[in-house]
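Asker: Got a file for you: entry_14.cif, mmCIF, C-alpha atoms.
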data_target
#
loop_
_atom_site.label_atom_id
_atom_site.label_comp_id
_atom_site.auth_asym_id
_atom_site.auth_seq_id
_atom_site.Cartn_x
_atom_site.Cartn_y
_atom_site.Cartn_z
CA MET A 1082 -53.90 23.04 21.40
CA MET A 1083 -53.48 25.39 18.47
CA GLN A 1084 -54.28 23.97 15.10
CA ILE A 1085 -51.55 23.63 12.51
CA ARG A 1086 -53.48 25.05 9.59
CA ASN A 1087 -54.94 28.52 9.24
CA SER A 1088 -58.59 29.15 10.02
CA SER A 1089 -60.81 31.97 8.79
CA SER A 1090 -60.13 33.89 12.01
CA ARG A 1091 -56.43 33.28 12.75
CA TRP A 1092 -53.11 32.01 11.53
CA GLY A 1093 -52.39 28.38 12.37
CA ALA A 1094 -49.24 27.08 14.08
CA GLY A 1095 -47.53 26.38 10.73
CA ALA A 1096 -47.88 29.94 9.44
CA GLN A 1097 -46.99 31.40 12.85
CA LEU A 1098 -43.87 29.30 13.18
CA LEU A 1099 -42.73 30.32 9.68
CA HIS A 1100 -43.57 33.98 10.38
CA TRP A 1101 -41.66 34.26 13.65
CA LEU A 1102 -38.76 32.02 12.62
CA MET A 1103 -38.26 34.18 9.56
CA ALA A 1104 -38.70 37.39 11.56
CA LEU A 1105 -35.86 36.28 13.82
CA GLY A 1106 -33.75 35.15 10.87
CA ILE A 1107 -34.31 38.32 8.86
CA ALA A 1108 -33.47 40.57 11.82
CA THR A 1109 -30.30 38.55 12.46
CA ALA A 1110 -29.27 38.54 8.80
CA MET A 1111 -29.80 42.30 8.50
CA GLY A 1112 -27.88 42.99 11.71
CA LEU A 1113 -25.03 40.68 10.68
CA GLY A 1114 -24.93 42.22 7.22
CA TRP A 1115 -24.68 45.72 8.62
CA VAL A 1116 -21.93 44.81 11.09
CA MET A 1117 -19.87 42.61 8.78
CA VAL A 1118 -19.49 45.08 5.92
CA ASN A 1119 -18.23 47.69 8.38
CA LEU A 1120 -15.68 45.40 10.05
CA PRO A 1121 -12.01 45.65 9.12
CA MET A 1122 -10.57 42.77 7.06
CA GLY A 1123 -10.05 39.84 9.33
CA ALA A 1124 -11.17 36.48 10.59
CA LEU A 1125 -14.27 37.78 12.40
CA LYS A 1126 -15.45 39.51 9.24
CA PHE A 1127 -15.22 36.26 7.32
CA GLN A 1128 -16.95 34.26 10.02
CA LEU A 1129 -19.85 36.70 10.02
CA TYR A 1130 -20.02 36.57 6.22
CA ALA A 1131 -20.22 32.78 6.38
CA VAL A 1132 -23.09 32.89 8.91
CA HIS A 1133 -24.86 35.65 6.98
CA LYS A 1134 -24.72 33.68 3.73
CA SER A 1135 -25.85 30.45 5.37
CA LEU A 1136 -28.70 32.27 7.06
CA GLY A 1137 -29.70 33.94 3.80
CA ILE A 1138 -29.94 30.64 1.95
CA THR A 1139 -31.93 29.15 4.85
CA LEU A 1140 -34.34 32.09 4.67
CA LEU A 1141 -34.69 31.64 0.93
CA ALA A 1142 -35.71 28.02 1.49
CA LEU A 1143 -38.08 29.05 4.28
CA VAL A 1144 -39.84 31.73 2.21
CA MET A 1145 -40.48 29.24 -0.58
CA LEU A 1146 -41.90 26.79 1.94
CA ARG A 1147 -43.95 29.65 3.34
CA LEU A 1148 -45.39 30.57 -0.05
CA VAL A 1149 -46.39 26.96 -0.63
CA TRP A 1150 -47.94 26.79 2.84
CA ARG A 1151 -49.84 30.02 2.23
CA TRP A 1152 -51.12 28.70 -1.08
CA LEU A 1153 -52.27 25.43 0.55
CA ASN A 1154 -54.04 27.28 3.35
CA THR A 1155 -56.86 29.71 3.65
CA THR A 1156 -55.71 33.25 4.45
CA PRO A 1157 -57.51 34.84 7.38
CA PRO A 1158 -59.15 37.94 5.89
CA LEU A 1159 -58.50 41.44 7.19
CA PRO A 1160 -61.23 42.78 9.50
CA GLY A 1161 -64.20 44.13 7.55
CA GLN A 1162 -64.15 47.54 9.25
CA LEU A 1163 -60.70 48.32 7.78
CA PRO A 1164 -60.79 51.40 5.48
CA ARG A 1165 -60.09 50.73 1.83
CA HIS A 1166 -56.75 52.55 1.70
CA GLU A 1167 -55.49 50.67 4.77
CA ARG A 1168 -56.57 47.41 3.25
CA TRP A 1169 -54.69 48.35 0.08
CA LEU A 1170 -51.65 49.41 2.11
CA ALA A 1171 -51.61 46.15 4.09
CA HIS A 1172 -51.88 44.00 0.97
CA GLY A 1173 -49.19 46.07 -0.75
CA ALA A 1174 -46.86 45.77 2.22
CA HIS A 1175 -47.36 42.01 2.45
CA ARG A 1176 -46.65 41.56 -1.24
CA ALA A 1177 -43.57 43.75 -0.93
CA LEU A 1178 -42.40 41.68 2.03
CA TYR A 1179 -42.71 38.44 0.09
CA ALA A 1180 -40.86 40.00 -2.85
CA LEU A 1181 -38.13 41.24 -0.52
CA MET A 1182 -37.87 37.90 1.26
CA LEU A 1183 -37.20 36.30 -2.14
CA LEU A 1184 -35.03 38.98 -3.75
CA MET A 1185 -32.87 39.74 -0.73
CA PRO A 1186 -31.29 36.29 -0.44
CA LEU A 1187 -31.32 35.82 -4.23
CA SER A 1188 -29.32 39.01 -4.83
CA GLY A 1189 -26.90 37.96 -2.10
CA TYR A 1190 -26.57 34.54 -3.71
CA VAL A 1191 -25.75 36.29 -7.00
CA ILE A 1192 -23.04 38.41 -5.31
CA ASN A 1193 -21.41 35.25 -3.99
CA SER A 1194 -21.83 33.41 -7.29
CA ALA A 1195 -20.40 36.26 -9.36
CA ALA A 1196 -17.32 36.23 -7.11
CA ASN A 1197 -17.18 32.46 -7.70
CA PHE A 1198 -16.90 31.92 -3.97
CA PRO A 1199 -18.02 28.56 -2.62
CA LEU A 1200 -21.13 28.56 -0.44
CA ASN A 1201 -21.45 25.91 2.19
CA VAL A 1202 -24.64 26.32 4.22
CA PHE A 1203 -23.73 26.09 7.91
CA GLY A 1204 -21.00 23.60 7.04
CA LEU A 1205 -23.68 21.07 6.09
CA VAL A 1206 -24.13 21.24 2.34
CA GLN A 1207 -22.35 23.03 -0.46
CA ILE A 1208 -24.69 24.60 -2.99
CA PRO A 1209 -23.73 25.37 -6.59
CA ASN A 1210 -23.22 28.91 -7.83
CA LEU A 1211 -26.00 30.54 -9.85
CA THR A 1212 -23.98 32.58 -12.31
CA PRO A 1213 -20.62 32.55 -14.01
CA GLU A 1214 -17.87 34.67 -12.50
CA SER A 1215 -18.39 38.35 -13.36
CA GLU A 1216 -17.10 41.42 -11.60
CA ALA A 1217 -19.72 43.67 -13.25
CA LEU A 1218 -22.58 41.37 -12.28
CA GLY A 1219 -21.25 41.20 -8.73
CA GLU A 1220 -21.22 44.98 -8.47
CA TRP A 1221 -24.77 45.26 -9.75
CA ALA A 1222 -25.99 42.57 -7.39
CA SER A 1223 -24.27 44.36 -4.50
CA ARG A 1224 -26.03 47.60 -5.33
CA ILE A 1225 -29.38 45.84 -5.57
CA HIS A 1226 -28.75 43.96 -2.32
CA LEU A 1227 -28.07 47.25 -0.51
CA ALA A 1228 -31.08 49.01 -2.08
CA LEU A 1229 -33.28 46.07 -1.07
CA PHE A 1230 -31.90 46.34 2.47
CA TRP A 1231 -33.22 49.90 2.76
CA GLY A 1232 -36.47 48.88 1.10
CA PHE A 1233 -36.77 46.11 3.67
CA VAL A 1234 -36.14 48.55 6.54
CA LEU A 1235 -38.85 50.84 5.19
CA VAL A 1236 -41.51 48.17 4.63
CA LEU A 1237 -40.71 46.45 7.93
CA ALA A 1238 -41.12 49.74 9.76
CA GLY A 1239 -44.59 50.01 8.23
CA HIS A 1240 -45.39 46.34 8.92
CA ILE A 1241 -44.32 46.46 12.58
CA GLY A 1242 -45.76 49.93 13.11
CA GLY A 1243 -49.07 48.81 11.61
CA ALA A 1244 -49.25 45.70 13.79
CA LEU A 1245 -48.53 47.70 16.93
CA ARG A 1246 -51.09 50.35 15.96
CA HIS A 1247 -53.74 47.68 15.50
CA HIS A 1248 -52.90 46.10 18.82
CA PHE A 1249 -52.44 49.12 21.07
CA ILE A 1250 -54.47 51.87 19.43
CA LEU A 1251 -57.23 50.20 17.44
CA ARG A 1252 -57.25 47.29 19.90
CA ASP A 1253 -58.27 44.70 17.33
CA ASP A 1254 -56.96 41.12 17.01
CA ILE A 1255 -54.67 41.59 13.97
CA LEU A 1256 -51.48 41.02 15.97
CA ARG A 1257 -53.02 38.46 18.32
CA ARG A 1258 -54.03 36.17 15.47
CA MET A 1259 -50.31 35.84 14.60
CA LEU A 1260 -49.53 35.01 18.23
CA PRO A 1261 -49.83 31.65 19.91
CA GLY A 1262 -52.24 31.35 22.81
CA ARG A 1263 -55.91 31.90 23.33
CA SER A 1264 -58.16 32.02 20.33
CA PRO A 1265 -59.63 35.39 19.48
CA ARG A 1266 -63.38 35.75 19.75
CA MET B 1217 42.68 26.11 -17.83
CA ARG B 1218 42.14 23.64 -20.60
CA SER B 1219 40.72 21.04 -18.25
CA TYR B 1220 37.92 23.29 -17.00
CA PRO B 1221 35.31 22.40 -19.61
CA VAL B 1222 36.03 18.74 -19.07
CA LEU B 1223 35.74 19.19 -15.33
CA ALA B 1224 32.50 21.08 -15.70
CA LEU B 1225 31.12 18.33 -17.89
CA ALA B 1226 32.19 15.68 -15.41
CA LEU B 1227 30.58 17.57 -12.53
CA GLY B 1228 27.46 18.12 -14.57
CA LEU B 1229 27.16 14.44 -15.28
CA ALA B 1230 27.78 13.55 -11.67
CA ALA B 1231 25.03 15.91 -10.53
CA MET B 1232 22.48 14.24 -12.79
CA PRO B 1233 21.01 10.87 -12.06
CA ALA B 1234 22.55 8.08 -14.04
CA LEU B 1235 20.94 8.00 -17.44
CA ALA B 1236 19.17 4.69 -17.06
CA ALA B 1237 15.63 5.82 -16.17
CA ASP B 1238 13.56 7.22 -19.03
CA ARG B 1239 13.18 10.93 -19.49
CA TRP B 1240 9.63 12.30 -19.79
CA GLN B 1241 8.14 15.56 -20.97
CA ILE B 1242 4.83 16.97 -19.75
CA GLN B 1243 2.15 17.40 -22.41
CA HIS B 1244 0.67 20.58 -21.00
CA PRO B 1245 -2.68 20.64 -22.83
CA ASP B 1246 -3.53 17.25 -21.31
CA SER B 1247 -2.04 17.86 -17.90
CA ARG B 1248 -3.09 19.64 -14.77
CA LEU B 1249 -1.34 20.70 -11.63
CA GLY B 1250 -4.28 21.57 -9.44
CA PHE B 1251 -5.44 21.85 -5.89
CA GLU B 1252 -8.58 21.76 -3.78
CA ALA B 1253 -9.00 24.05 -0.83
CA THR B 1254 -11.75 25.50 1.32
CA GLN B 1255 -12.90 29.04 1.92
CA GLN B 1256 -15.45 29.79 4.62
CA GLY B 1257 -16.06 26.07 4.78
CA GLY B 1258 -16.85 25.81 1.07
CA GLN B 1259 -14.69 23.87 -1.33
CA PHE B 1260 -13.09 25.36 -4.43
CA GLU B 1261 -10.58 24.26 -7.04
CA GLY B 1262 -7.62 25.93 -8.57
CA HIS B 1263 -4.64 25.16 -10.72
CA PHE B 1264 -1.29 26.54 -11.82
CA ALA B 1265 -1.15 27.33 -15.50
CA ASP B 1266 2.64 27.50 -15.72
CA TYR B 1267 4.92 24.80 -14.37
CA SER B 1268 7.73 22.73 -15.72
CA ALA B 1269 9.49 19.61 -14.64
CA GLN B 1270 12.51 17.49 -15.34
CA MET B 1271 11.29 13.98 -14.92
CA ARG B 1272 12.97 10.63 -15.06
CA PHE B 1273 11.01 7.51 -14.41
CA SER B 1274 11.38 3.83 -15.13
CA ALA B 1275 9.46 1.29 -13.12
CA ASP B 1276 12.46 -1.00 -13.22
CA ASP B 1277 14.94 1.66 -12.25
CA LEU B 1278 13.39 3.64 -9.41
CA ALA B 1279 16.82 4.32 -7.98
CA ASN B 1280 17.54 6.58 -10.93
CA SER B 1281 14.04 7.99 -11.21
CA GLY B 1282 13.24 11.42 -9.90
CA PHE B 1283 11.35 14.67 -10.46
CA ASP B 1284 12.34 18.30 -10.24
CA VAL B 1285 9.23 20.46 -10.56
CA ARG B 1286 9.08 24.25 -10.74
CA ILE B 1287 5.79 26.04 -10.34
CA ASP B 1288 5.18 29.65 -11.36
CA MET B 1289 3.14 30.88 -8.39
CA THR B 1290 1.92 33.93 -10.31
CA SER B 1291 0.05 31.59 -12.66
CA VAL B 1292 -2.48 30.54 -10.02
CA ASP B 1293 -6.04 30.39 -11.32
CA THR B 1294 -8.97 29.57 -9.06
CA GLY B 1295 -11.69 30.96 -11.31
CA SER B 1296 -12.38 33.87 -8.99
CA GLY B 1297 -10.92 37.29 -9.68
CA GLN B 1298 -11.17 38.30 -6.05
CA ARG B 1299 -9.25 35.24 -4.89
CA ASP B 1300 -6.73 35.33 -7.72
CA ASN B 1301 -5.97 38.97 -6.97
CA ALA B 1302 -5.35 38.19 -3.31
CA LEU B 1303 -3.26 35.02 -3.65
CA PRO B 1304 -0.07 36.64 -5.05
CA ASP B 1305 -0.08 39.13 -2.15
CA LYS B 1306 2.32 39.12 0.77
CA PRO B 1307 0.22 37.08 3.26
CA TRP B 1308 -0.28 34.30 0.72
CA PHE B 1309 2.29 33.40 -1.98
CA HIS B 1310 4.16 36.72 -1.85
CA THR B 1311 5.14 36.19 -5.47
CA GLU B 1312 7.13 39.41 -5.64
CA VAL B 1313 9.76 37.75 -3.45
CA PHE B 1314 8.92 34.07 -4.02
CA PRO B 1315 7.75 33.74 -7.61
CA GLU B 1316 8.43 30.02 -7.76
CA ALA B 1317 7.66 26.91 -5.77
CA ARG B 1318 9.74 23.78 -6.22
CA TYR B 1319 9.45 20.09 -5.54
CA VAL B 1320 12.58 17.96 -5.78
CA THR B 1321 12.38 14.27 -5.08
CA ARG B 1322 15.00 12.40 -3.14
CA GLU B 1323 13.58 8.94 -3.62
CA ILE B 1324 10.86 7.11 -5.54
CA ARG B 1325 9.49 4.04 -3.81
CA ARG B 1326 7.14 1.29 -4.86
CA THR B 1327 3.96 0.92 -2.79
CA ASP B 1328 1.01 -1.46 -2.78
CA ASP B 1329 -1.03 0.93 -4.94
CA GLY B 1330 1.74 2.23 -7.14
CA TYR B 1331 4.57 4.51 -6.12
CA GLU B 1332 5.41 7.33 -3.81
CA ALA B 1333 7.82 10.17 -4.24
CA VAL B 1334 9.71 11.41 -1.22
CA GLY B 1335 10.77 14.96 -1.85
CA ASP B 1336 11.23 18.46 -0.58
CA LEU B 1337 8.56 20.98 -1.35
CA THR B 1338 9.55 24.61 -1.14
CA ILE B 1339 6.87 27.30 -1.05
CA ARG B 1340 7.90 30.83 -0.13
CA ASP B 1341 10.99 30.27 2.05
CA ASN B 1342 9.71 27.12 3.70
CA THR B 1343 10.91 23.67 2.75
CA HIS B 1344 9.28 20.52 4.09
CA GLU B 1345 9.31 16.89 3.12
CA VAL B 1346 6.23 15.87 1.17
CA ILE B 1347 5.48 12.29 0.24
CA LEU B 1348 3.41 12.15 -2.90
CA PRO B 1349 1.68 8.83 -3.65
CA PHE B 1350 1.04 8.35 -7.34
CA THR B 1351 0.27 5.91 -10.07
CA TRP B 1352 2.22 5.73 -13.29
CA GLN B 1353 0.81 3.98 -16.30
CA VAL B 1354 2.72 3.63 -19.51
CA ASP B 1355 1.11 3.11 -22.87
CA GLY B 1356 3.81 2.98 -25.55
CA ASP B 1357 5.68 6.28 -25.40
CA THR B 1358 3.01 7.98 -23.33
CA ALA B 1359 2.63 7.88 -19.57
CA MET B 1360 -0.14 8.99 -17.24
CA MET B 1361 0.79 10.12 -13.80
CA ASP B 1362 -1.93 10.60 -11.17
CA GLY B 1363 -1.26 11.58 -7.63
CA SER B 1364 -2.50 13.71 -4.80
CA VAL B 1365 -1.31 14.72 -1.39
CA VAL B 1366 -2.77 16.87 1.36
CA ILE B 1367 -0.50 19.56 2.71
CA ASP B 1368 -1.02 22.06 5.51
CA ARG B 1369 -0.75 25.51 3.91
CA THR B 1370 0.27 27.14 7.19
CA ARG B 1371 3.44 25.01 7.41
CA PHE B 1372 4.56 26.77 4.26
CA GLY B 1373 3.54 30.21 5.50
CA VAL B 1374 0.69 30.49 2.99
CA GLY B 1375 -2.04 32.65 4.50
CA GLN B 1376 -0.43 34.60 7.31
CA GLY B 1377 -1.80 36.79 10.08
CA GLU B 1378 -5.60 36.90 10.07
CA TRP B 1379 -5.65 34.41 7.20
CA GLN B 1380 -4.31 31.63 9.41
CA ASP B 1381 -7.83 31.17 10.75
CA PRO B 1382 -9.07 27.82 9.40
CA GLN B 1383 -12.63 29.18 9.18
CA VAL B 1384 -11.46 31.78 6.69
CA ALA B 1385 -9.54 29.24 4.61
CA GLY B 1386 -8.98 25.64 5.60
CA HIS B 1387 -5.44 24.59 6.46
CA ASP B 1388 -5.59 21.41 4.42
CA VAL B 1389 -4.98 21.82 0.73
CA GLU B 1390 -5.06 18.81 -1.54
CA VAL B 1391 -2.53 19.08 -4.32
CA ILE B 1392 -3.57 17.10 -7.37
CA VAL B 1393 -1.13 16.01 -10.03
CA ASP B 1394 -2.66 14.76 -13.25
CA LEU B 1395 -0.04 14.58 -15.96
CA THR B 1396 0.23 13.17 -19.44
CA LEU B 1397 3.83 12.64 -20.45
CA ASP B 1398 5.76 11.74 -23.57
CA ARG B 1399 8.89 9.68 -23.44
CA VAL B 1400 11.86 11.65 -24.68
CA ALA B 1401 14.90 10.09 -26.25
CA ASP B 1402 18.07 10.87 -24.34
#
Mind converting the file's structure to structure tokens?
Answerer:
Amino acid sequence: MMQIRNSSSRWGAGAQLLHWLMALGIATAMGLGWVMVNLPMGALKFQLYAVHKSLGITLLALVMLRLVWRWLNTTPPLPGQLPRHERWLAHGAHRALYALMLLMPLSGYVINSAANFPLNVFGLVQIPNLTPESEALGEWASRIHLALFWGFVLVLAGHIGGALRHHFILRDDILRRMLPGRSPR
Amino acid sequence: MRSYPVLALALGLAAMPALAADRWQIQHPDSRLGFEATQQGGQFEGHFADYSAQMRFSADDLANSGFDVRIDMTSVDTGSGQRDNALPDKPWFHTEVFPEARYVTREIRRTDDGYEAVGDLTIRDNTHEVILPFTWQVDGDTAMMDGSVVIDRTRFGVGQGEWQDPQVAGHDVEVIVDLTLDRVAD
């Protein structure tokens, strides 16, 4: 039985669940976002927008929960043999990911708010808009949302590439400690 | 030839309800002709800024009470530029051809909670009977009318083609009438 909280050698079940749930959600939201903006005007486009927005707000709630959980838990340190610049790169990437996980849904929320569109999360609860109606603000938020998308793609490529490199080339337990199953040494 | 004006006057009088029920005038700053609808499952509100009505109402003379309401469809305001730009277009109100909606009552009835108006609502080129329940409270020469009714926008051809999808915009639209009226001397 895996423990819920983090230990000094691995991520606990709580952090793992949040990590993989959000990984799935982020990939889905990015895929939906890419497809929906390129669809012609129509019912399907609007359905995808509704799911994308609901998913975004859910991810925003999850990342806040995740930050609290991280703060309440010990963070398993990076292996000691890691070179300084890699250590710096990993920390930088993780910070960037947290910033992106917050700013991505927030900027989307602003786009929707500035259009004064209602936002009902998965048909369960309607949340209030953040800003007054403003076409200019909406355009700015759209630009930022798109720029953040490419930023996300870039940092995720590094994050996933790094994890795979550690697992398959360096053969350390960096990836394994974010995976359920047997405890690393 | 000489009898024509007289005839016209007689016809005019015959076309109007008998002059027993009181005539009322909408006090626009204190009145609202609004609606609630849904978009992608989320609720939003809107209203029509320009509308006018000929209204006669007396609680003790419902037979001669009645409303004739005209709504300027171009005056729709839902607080969202994107929505308000789309609504006058062809799939929605198509205001270029149908600038006005109209509600003309045929009967006003008393109910347990107040009254209900039985009338014909015309939006675009579709006319359907709509029964509007309402309350009417008089305080001196002022009256407050409150009523609401849910209509199916697709029956009136509002939101055609792809926009018929209820997930894009719900079919049910609640029309909300909240009027302050002044009694007018005949």
Asker: Could you spell out the hits of the PyMOL selection byres ((chain B and resi 1271-1275) around 10) on the shown file, as a tab-separated table (two decimals) with C-alpha atoms, in the coordinates of the input?
Answerer:
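What follows is the written file expr_5.tsv:
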chain	number	residue	atom	x	y	z
B	1233	PRO	CA	21.01	10.87	-12.06
B	1234	ALA	CA	22.55	8.08	-14.04
B	1235	LEU	CA	20.94	8.00	-17.44
B	1236	ALA	CA	19.17	4.69	-17.06
B	1237	ALA	CA	15.63	5.82	-16.17
B	1238	ASP	CA	13.56	7.22	-19.03
B	1239	ARG	CA	13.18	10.93	-19.49
B	1240	TRP	CA	9.63	12.30	-19.79
B	1241	GLN	CA	8.14	15.56	-20.97
B	1242	ILE	CA	4.83	16.97	-19.75
B	1268	SER	CA	7.73	22.73	-15.72
B	1269	ALA	CA	9.49	19.61	-14.64
B	1270	GLN	CA	12.51	17.49	-15.34
B	1276	ASP	CA	12.46	-1.00	-13.22
B	1277	ASP	CA	14.94	1.66	-12.25
B	1278	LEU	CA	13.39	3.64	-9.41
B	1279	ALA	CA	16.82	4.32	-7.98
B	1280	ASN	CA	17.54	6.58	-10.93
B	1281	SER	CA	14.04	7.99	-11.21
B	1282	GLY	CA	13.24	11.42	-9.90
B	1283	PHE	CA	11.35	14.67	-10.46
B	1284	ASP	CA	12.34	18.30	-10.24
B	1285	VAL	CA	9.23	20.46	-10.56
B	1321	THR	CA	12.38	14.27	-5.08
B	1324	ILE	CA	10.86	7.11	-5.54
B	1325	ARG	CA	9.49	4.04	-3.81
B	1326	ARG	CA	7.14	1.29	-4.86
B	1330	GLY	CA	1.74	2.23	-7.14
B	1331	TYR	CA	4.57	4.51	-6.12
B	1352	TRP	CA	2.22	5.73	-13.29
B	1353	GLN	CA	0.81	3.98	-16.30
B	1354	VAL	CA	2.72	3.63	-19.51
B	1359	ALA	CA	2.63	7.88	-19.57
B	1397	LEU	CA	3.83	12.64	-20.45
B	1399	ARG	CA	8.89	9.68	-23.44
B	1400	VAL	CA	11.86	11.65	-24.68
Asker: How far is it from atom CA of Pro1121 of chain A to atom CA of Phe1372 of chain B, in Å with one decimal?
Answerer: 25.6 Å
Asker: Find the residues in chain A near chain B: any atom within 7 Å counts, using only C-alpha atoms. Write them as a ChimeraX atom specification.
Answerer: /A:1123-1124,1127-1128,1131,1196-1197,1199-1201,1204,1207,1214
Asker: Since we have the selection now, will you write its residues out, keeping C-alpha atoms, as a compact mmCIF listing (two decimals), keeping the file's coordinate frame?
Answerer:
# COMPACT_ATOMS: atom_id res chain seq x y z
CA GLY A 1123 -10.05 39.84 9.33
CA ALA A 1124 -11.17 36.48 10.59
CA PHE A 1127 -15.22 36.26 7.32
CA GLN A 1128 -16.95 34.26 10.02
CA ALA A 1131 -20.22 32.78 6.38
CA ALA A 1196 -17.32 36.23 -7.11
CA ASN A 1197 -17.18 32.46 -7.70
CA PRO A 1199 -18.02 28.56 -2.62
CA LEU A 1200 -21.13 28.56 -0.44
CA ASN A 1201 -21.45 25.91 2.19
CA GLY A 1204 -21.00 23.60 7.04
CA GLN A 1207 -22.35 23.03 -0.46
CA GLU A 1214 -17.87 34.67 -12.50
Asker: Do you know which residues the PyMOL selection byres ((chain B and resi 1390) around 12) returns on this file, as a PyMOL selection string?
Answerer: chain B and resi 1249-1254+1259-1263+1346+1348+1363-1369+1386-1389+1391-1393
Asker: Using C-alpha atoms, can you export the residues from the last selection as a PDB file, in the frame of the given file?
Answerer:
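Final output, again.pdb:
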ATOM      1  CA  LEU B1249      -1.340  20.700 -11.630  1.00  0.00           C
ATOM      2  CA  GLY B1250      -4.280  21.570  -9.440  1.00  0.00           C
ATOM      3  CA  PHE B1251      -5.440  21.850  -5.890  1.00  0.00           C
ATOM      4  CA  GLU B1252      -8.580  21.760  -3.780  1.00  0.00           C
ATOM      5  CA  ALA B1253      -9.000  24.050  -0.830  1.00  0.00           C
ATOM      6  CA  THR B1254     -11.750  25.500   1.320  1.00  0.00           C
ATOM      7  CA  GLN B1259     -14.690  23.870  -1.330  1.00  0.00           C
ATOM      8  CA  PHE B1260     -13.090  25.360  -4.430  1.00  0.00           C
ATOM      9  CA  GLU B1261     -10.580  24.260  -7.040  1.00  0.00           C
ATOM     10  CA  GLY B1262      -7.620  25.930  -8.570  1.00  0.00           C
ATOM     11  CA  HIS B1263      -4.640  25.160 -10.720  1.00  0.00           C
ATOM     12  CA  VAL B1346       6.230  15.870   1.170  1.00  0.00           C
ATOM     13  CA  LEU B1348       3.410  12.150  -2.900  1.00  0.00           C
ATOM     14  CA  GLY B1363      -1.260  11.580  -7.630  1.00  0.00           C
ATOM     15  CA  SER B1364      -2.500  13.710  -4.800  1.00  0.00           C
ATOM     16  CA  VAL B1365      -1.310  14.720  -1.390  1.00  0.00           C
ATOM     17  CA  VAL B1366      -2.770  16.870   1.360  1.00  0.00           C
ATOM     18  CA  ILE B1367      -0.500  19.560   2.710  1.00  0.00           C
ATOM     19  CA  ASP B1368      -1.020  22.060   5.510  1.00  0.00           C
ATOM     20  CA  ARG B1369      -0.750  25.510   3.910  1.00  0.00           C
ATOM     21  CA  GLY B1386      -8.980  25.640   5.600  1.00  0.00           C
ATOM     22  CA  HIS B1387      -5.440  24.590   6.460  1.00  0.00           C
ATOM     23  CA  ASP B1388      -5.590  21.410   4.420  1.00  0.00           C
ATOM     24  CA  VAL B1389      -4.980  21.820   0.730  1.00  0.00           C
ATOM     25  CA  VAL B1391      -2.530  19.080  -4.320  1.00  0.00           C
ATOM     26  CA  ILE B1392      -3.570  17.100  -7.370  1.00  0.00           C
ATOM     27  CA  VAL B1393      -1.130  16.010 -10.030  1.00  0.00           C
TER      28      VAL B1393
END
Asker: Nearest residue to Gln1376 of chain B out of B:Ala1265, B:Leu1337, B:Ile1287, B:Leu1303, using only C-alpha atoms?
Answerer: B:Leu1303
Asker: Any chance you could resolve the PyMOL selection byres ((chain A and resi 1093) around 12) against this file and give the residues as an NGL selection string?
Answerer: :A and (1082-1092 or 1094-1100 or 1150-1151 or 1154-1157 or 1257-1262 or 1264)
Asker: Given all atoms listed in the file as the basis, pick out the residue of A:Pro1160, A:Leu1129, A:His1172, A:Ser1194 nearest to Ala1222 of chain A.
Answerer: A:Ser1194
Asker: I'd like the interatomic distance between atom CA of Ser1188 of chain A and atom CA of Gly1112 of chain A, to a tenth of an Å.
Answerer: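 Interatomic distance, atom CA of Ser1188 of chain A to atom CA of Gly1112 of chain A: 17.1 Å.
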Asker: Record the distance separating atom CA of Arg1246 of chain A and atom CA of Val1234 of chain A, expressed in Å with one decimal.
Answerer: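 Between atom CA of Arg1246 of chain A and atom CA of Val1234 of chain A the gap works out to 17.8 Å.
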Asker: Give me, as a ChimeraX atom specification, all polymer residues having an atom no more than 9 Å from Leu1113 of chain A, counting only C-alpha atoms and skipping those fewer than 4 positions away in the same chain.
Answerer: /A:1108-1109,1117-1118,1129-1130,1132-1133
Asker: Find the spatial neighbours of Glu1323 of chain B, counting all atoms listed in the file, within a cut-off of 7 Å - ignore same-chain residues fewer than 5 positions away - and output them as a ChimeraX atom specification.
Answerer: /B:1282,1333-1335
Asker: Which residues come within 8 Å of Gly1189 of chain A, counting only C-alpha atoms, excluding same-chain residues fewer than 2 positions away, as a ChimeraX atom specification?
Answerer: /A:1134,1137,1185-1187,1191-1193,1222-1223,1226
Asker: So, with all atoms listed in the file as the atoms that count, which of B:Arg1318, B:Lys1306, B:Met1361, B:Asp1293 lies closest to Glu1332 of chain B?
Answerer: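 For Glu1332 of chain B, the nearest of the candidates is B:Met1361.
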Asker: Which residue out of A:Leu1245, A:Leu1148, A:Val1236, A:Ile1208 has the minimum interatomic distance to Leu1181 of chain A when only C-alpha atoms are used?
Answerer: A:Val1236
